[in-house]
Amino acid sequence: MATGRTHRPATRSRGIPEATVARLPLYLRALTALSERSVPTVSSEELAAAAGVNSAKLRKDFSYLGSYGTRGVGYDVEYLVYQISRELGLTQDWPVVIVGIGNLGAALANYGGFASRGFRVAALIDADPAMTGKPVAGIPVQHADALEDIVRDNGVSIGVIATPAGAAQQVCDRLVGAGVTSILNFAPTMLTVPDGVDVRKVDLSIELQILAFHEQRKAGEDAAADSGMPAPAAVKGAAAAAAAMDEADPKGTDGEAPAVMPA
Ligand SMILES: NC(=O)c1ccc[n+]([C@@H]2O[C@H](COP(=O)([O-])OP(=O)(O)OC[C@H]3O[C@@H](n4cnc5c(N)ncnc54)[C@H](O)[C@@H]3O)[C@@H](O)[C@H]2O)c1
């Protein structure tokens with residue numbers, strides 16, 4: 001089971017580049033905010049600024065969706081929300097299981113934002129027998145022995161792993177064996193999955209390291225400005241940060257570096 005790739009190809013089968021797919025949630029978030037304010041249309045420049053993306057890239061991204069906007073009017077906000085939601089598969093309900101209901105798993109289970117984005121927490125699973133039957137976010141935790149049955153009974157295709165690192169690969173293998181084809185991995189370990197399974201890894205410590213670099217650079221710039229000298233820390237740190245950013249965002253996503261990255 002534990003063989004094969006951990007990355008998707010750069011281009012999805014429908015011809016939308018992975019980097020564009022990675023920016024769609026940024027557009028959707030900006031568009032949803034406009035929709036909530038009942039804004040009917042938006043220009044590519046306004047939307048690009050709201051999403052933190054370059055406007056030429058935005059227009060190119062939307063051309064993959066077949067959305068070109070209307071000259072002088074811009075893009076129809078509601079229609080774009082629909083189009084992007086549909087492209088991301090959010091117009092259907094996705095049952096999700098969370099495995100490992102400790103501090104993080106419980107916090108994720110309690111996060112209200114999943115449901116509003118089309119993700120329904122179908123089951124919570126933990127290996128600790130003391131947890132079995134205990135409600136977390138109103139859902140009784142089920143024992144890990146039943147993982148395969150739970151996945152099959154609920155038609156789950158997305159699994160969230162919030163176990164300790166040492167258990168993550170085994171949990172991943174069991175999820176995949178039961179039919180899960182997408183994994184969101186919070187455990188600090190690389191997972192190996194067969195072809196056809198997507199893994200996204202969330203690592204907040206990497207995000208913090210990138211912020212630490214920016215803090216260091218700002219401090220270096222301040223010191224250099226005070227002394228009138230170039231900032232050696234900033235220059236030296238730039239290569240390391242560029243490498244860190246490449247690793248965190250290998251497909252060149254614009255805007256904020258996502259906390260979720262390919263495994
Ligand atoms: N990616 C991030 O940014 C981030 C942030 C915080 C924590 N983490 C990671 O998330 C994981 C969980 O952290 P936590 O603080 O919630 O830990 P925790 O110890 O509170 O919870 C882990 C839970 O997993 C359960 N578990 C262990 N083995 C299992 C198995 N084989 N099957 C099912 N359940 C199993 C345990 O019973 C426990 O309830 C850790 O790997 C941690 O390093 C990642």
# chains A, B, ... in the order shown; residues from 1 in each chain; ligands from 1
>>> residues_around(residues="range 127-139 of chain A", least_positions_apart="6", cutoff="9 Å", atoms="only C-alpha atoms", output="list of chain:residue names")
A:Val99, A:Gly100, A:Ile101, A:Ala106, A:Ala107, A:Ala109, A:Asn110, A:Tyr111, A:Val121, A:Asp145
>>> write_last_selection(atoms="C-alpha atoms", output="CSV table (one decimal), in the first residue's frame")
chain,number,residue,atom,x,y,z
A,99,VAL,CA,-9.0,10.5,12.5
A,100,GLY,CA,-7.3,11.4,15.8
A,101,ILE,CA,-9.6,13.3,18.1
A,106,ALA,CA,-11.5,18.1,18.3
A,107,ALA,CA,-10.7,21.7,17.3
A,109,ALA,CA,-14.5,18.9,14.5
A,110,ASN,CA,-15.7,22.1,16.2
A,111,TYR,CA,-14.8,24.3,13.3
A,121,VAL,CA,-18.0,15.9,9.2
A,145,ASP,CA,-11.3,-0.6,14.8
>>> residues_near_ligand(ligand="ligand 1", cutoff="8 Å", atoms="only C-alpha atoms and all ligand atoms", output="PyMOL selection string")
chain A and resi 99-106+125-128+131+143-144+161-168+170-171+185-189+201-205
>>> residues_around(residues="range 146-158 of chain A", least_positions_apart="6", cutoff="6 Å", atoms="only C-alpha atoms", output="ChimeraX atom specification")
/A:95-96,178,180-183
>>> select_by_dssp(residues="range 107-199 of chain A", states="helix (DSSP H, G or I)", output="PyMOL selection string")
chain A and resi 107-110+113-116+129-131+144-153+165-178
>>> write_last_selection(atoms="C-alpha atoms", output="PDB file, in the first residue's frame")
ATOM      1  CA  ALA A 107     -10.717  21.700  17.268  1.00  0.00           C
ATOM      2  CA  LEU A 108     -11.249  20.732  13.625  1.00  0.00           C
ATOM      3  CA  ALA A 109     -14.478  18.917  14.490  1.00  0.00           C
ATOM      4  CA  ASN A 110     -15.703  22.057  16.221  1.00  0.00           C
ATOM      5  CA  GLY A 113     -16.518  26.574   8.505  1.00  0.00           C
ATOM      6  CA  PHE A 114     -16.488  23.102   6.980  1.00  0.00           C
ATOM      7  CA  ALA A 115     -20.240  22.762   6.568  1.00  0.00           C
ATOM      8  CA  SER A 116     -20.658  26.188   4.991  1.00  0.00           C
ATOM      9  CA  PRO A 129     -11.164   3.253  23.792  1.00  0.00           C
ATOM     10  CA  ALA A 130     -11.814   5.857  26.494  1.00  0.00           C
ATOM     11  CA  MET A 131     -12.932   8.253  23.726  1.00  0.00           C
ATOM     12  CA  ALA A 144     -10.564   3.137  15.060  1.00  0.00           C
ATOM     13  CA  ASP A 145     -11.289  -0.599  14.753  1.00  0.00           C
ATOM     14  CA  ALA A 146     -14.374   0.371  12.752  1.00  0.00           C
ATOM     15  CA  LEU A 147     -12.527   2.793  10.427  1.00  0.00           C
ATOM     16  CA  GLU A 148     -13.069   0.778   7.245  1.00  0.00           C
ATOM     17  CA  ASP A 149     -16.779   0.237   7.917  1.00  0.00           C
ATOM     18  CA  ILE A 150     -17.275   3.912   8.768  1.00  0.00           C
ATOM     19  CA  VAL A 151     -15.598   5.026   5.541  1.00  0.00           C
ATOM     20  CA  ARG A 152     -17.606   2.622   3.396  1.00  0.00           C
ATOM     21  CA  ASP A 153     -20.947   3.206   5.145  1.00  0.00           C
ATOM     22  CA  ALA A 165       3.114  11.250  13.319  1.00  0.00           C
ATOM     23  CA  GLY A 166       3.942   7.630  14.182  1.00  0.00           C
ATOM     24  CA  ALA A 167       0.380   6.474  13.478  1.00  0.00           C
ATOM     25  CA  ALA A 168      -0.259   8.597  10.390  1.00  0.00           C
ATOM     26  CA  GLN A 169       1.000   6.285   7.637  1.00  0.00           C
ATOM     27  CA  GLN A 170      -0.897   3.313   9.020  1.00  0.00           C
ATOM     28  CA  VAL A 171      -4.070   5.413   9.326  1.00  0.00           C
ATOM     29  CA  CYS A 172      -3.498   6.691   5.807  1.00  0.00           C
ATOM     30  CA  ASP A 173      -3.092   3.150   4.447  1.00  0.00           C
ATOM     31  CA  ARG A 174      -6.305   2.043   6.142  1.00  0.00           C
ATOM     32  CA  LEU A 175      -8.239   5.055   4.870  1.00  0.00           C
ATOM     33  CA  VAL A 176      -6.992   4.490   1.337  1.00  0.00           C
ATOM     34  CA  GLY A 177      -7.688   0.753   1.583  1.00  0.00           C
ATOM     35  CA  ALA A 178     -11.274   1.580   2.534  1.00  0.00           C
TER      36      ALA A 178
END
>>> residues_around(residues="Val81 in chain A", least_positions_apart="5", cutoff="7 Å", atoms="only C-alpha atoms", output="CSV table (one decimal) with C-alpha atoms, in the first residue's frame")
chain,number,residue,atom,x,y,z
A,28,LEU,CA,-13.8,32.4,-4.0
A,31,LEU,CA,-16.0,36.9,-4.1
A,32,THR,CA,-18.0,35.5,-1.2
>>> select_by_dssp(residues="range 103-217 of chain A", states="strand (DSSP E or B)", output="PyMOL selection string")
chain A and resi 119-126+135-136+139-143+158-161+182-185+198-202
>>> write_last_selection(atoms="C-alpha atoms", output="PDB file, in the first residue's frame")
ATOM      1  CA  PHE A 119     -17.766  19.588   3.846  1.00  0.00           C
ATOM      2  CA  ARG A 120     -19.809  17.542   6.314  1.00  0.00           C
ATOM      3  CA  VAL A 121     -18.026  15.864   9.189  1.00  0.00           C
ATOM      4  CA  ALA A 122     -19.491  12.363   8.790  1.00  0.00           C
ATOM      5  CA  ALA A 123     -17.524  10.678  11.567  1.00  0.00           C
ATOM      6  CA  LEU A 124     -14.857  11.170  14.200  1.00  0.00           C
ATOM      7  CA  ILE A 125     -12.477   8.266  14.785  1.00  0.00           C
ATOM      8  CA  ASP A 126      -9.951   7.657  17.543  1.00  0.00           C
ATOM      9  CA  PRO A 135     -19.530  13.395  21.798  1.00  0.00           C
ATOM     10  CA  VAL A 136     -17.224  15.968  20.257  1.00  0.00           C
ATOM     11  CA  ILE A 139     -20.758  13.737  17.082  1.00  0.00           C
ATOM     12  CA  PRO A 140     -19.959  10.558  19.047  1.00  0.00           C
ATOM     13  CA  VAL A 141     -16.370   9.437  18.576  1.00  0.00           C
ATOM     14  CA  GLN A 142     -16.078   5.968  17.035  1.00  0.00           C
ATOM     15  CA  HIS A 143     -13.308   3.499  17.651  1.00  0.00           C
ATOM     16  CA  ILE A 158     -11.840  12.702   2.071  1.00  0.00           C
ATOM     17  CA  GLY A 159     -10.000  11.803   5.268  1.00  0.00           C
ATOM     18  CA  VAL A 160      -8.348  14.191   7.722  1.00  0.00           C
ATOM     19  CA  ILE A 161      -5.428  12.787   9.725  1.00  0.00           C
ATOM     20  CA  SER A 182      -8.027  12.481  -0.720  1.00  0.00           C
ATOM     21  CA  ILE A 183      -6.125  12.993   2.524  1.00  0.00           C
ATOM     22  CA  LEU A 184      -5.562  16.180   4.480  1.00  0.00           C
ATOM     23  CA  ASN A 185      -2.592  15.419   6.698  1.00  0.00           C
ATOM     24  CA  ASP A 198      -4.171  13.167  -3.327  1.00  0.00           C
ATOM     25  CA  VAL A 199      -2.452  14.254  -0.147  1.00  0.00           C
ATOM     26  CA  ARG A 200      -2.338  17.810   1.147  1.00  0.00           C
ATOM     27  CA  LYS A 201      -0.210  18.574   4.150  1.00  0.00           C
ATOM     28  CA  VAL A 202      -0.863  21.343   6.628  1.00  0.00           C
TER      29      VAL A 202
END
>>> closest_residue(among="A:Ser63, A:Ser85, A:Thr70, A:Thr41", to="Tyr27 in chain A", atoms="only C-alpha atoms")
A:Ser85
>>> closest_residue(among="A:Pro40, A:Gly74, A:Gly179, A:Gly66", to="Pro194 in chain A", atoms="only C-alpha atoms")
A:Gly179
>>> residues_around(residues="Arg86 in chain A", least_positions_apart="6", cutoff="12 Å", atoms="only C-alpha atoms", output="count of residues only")
10
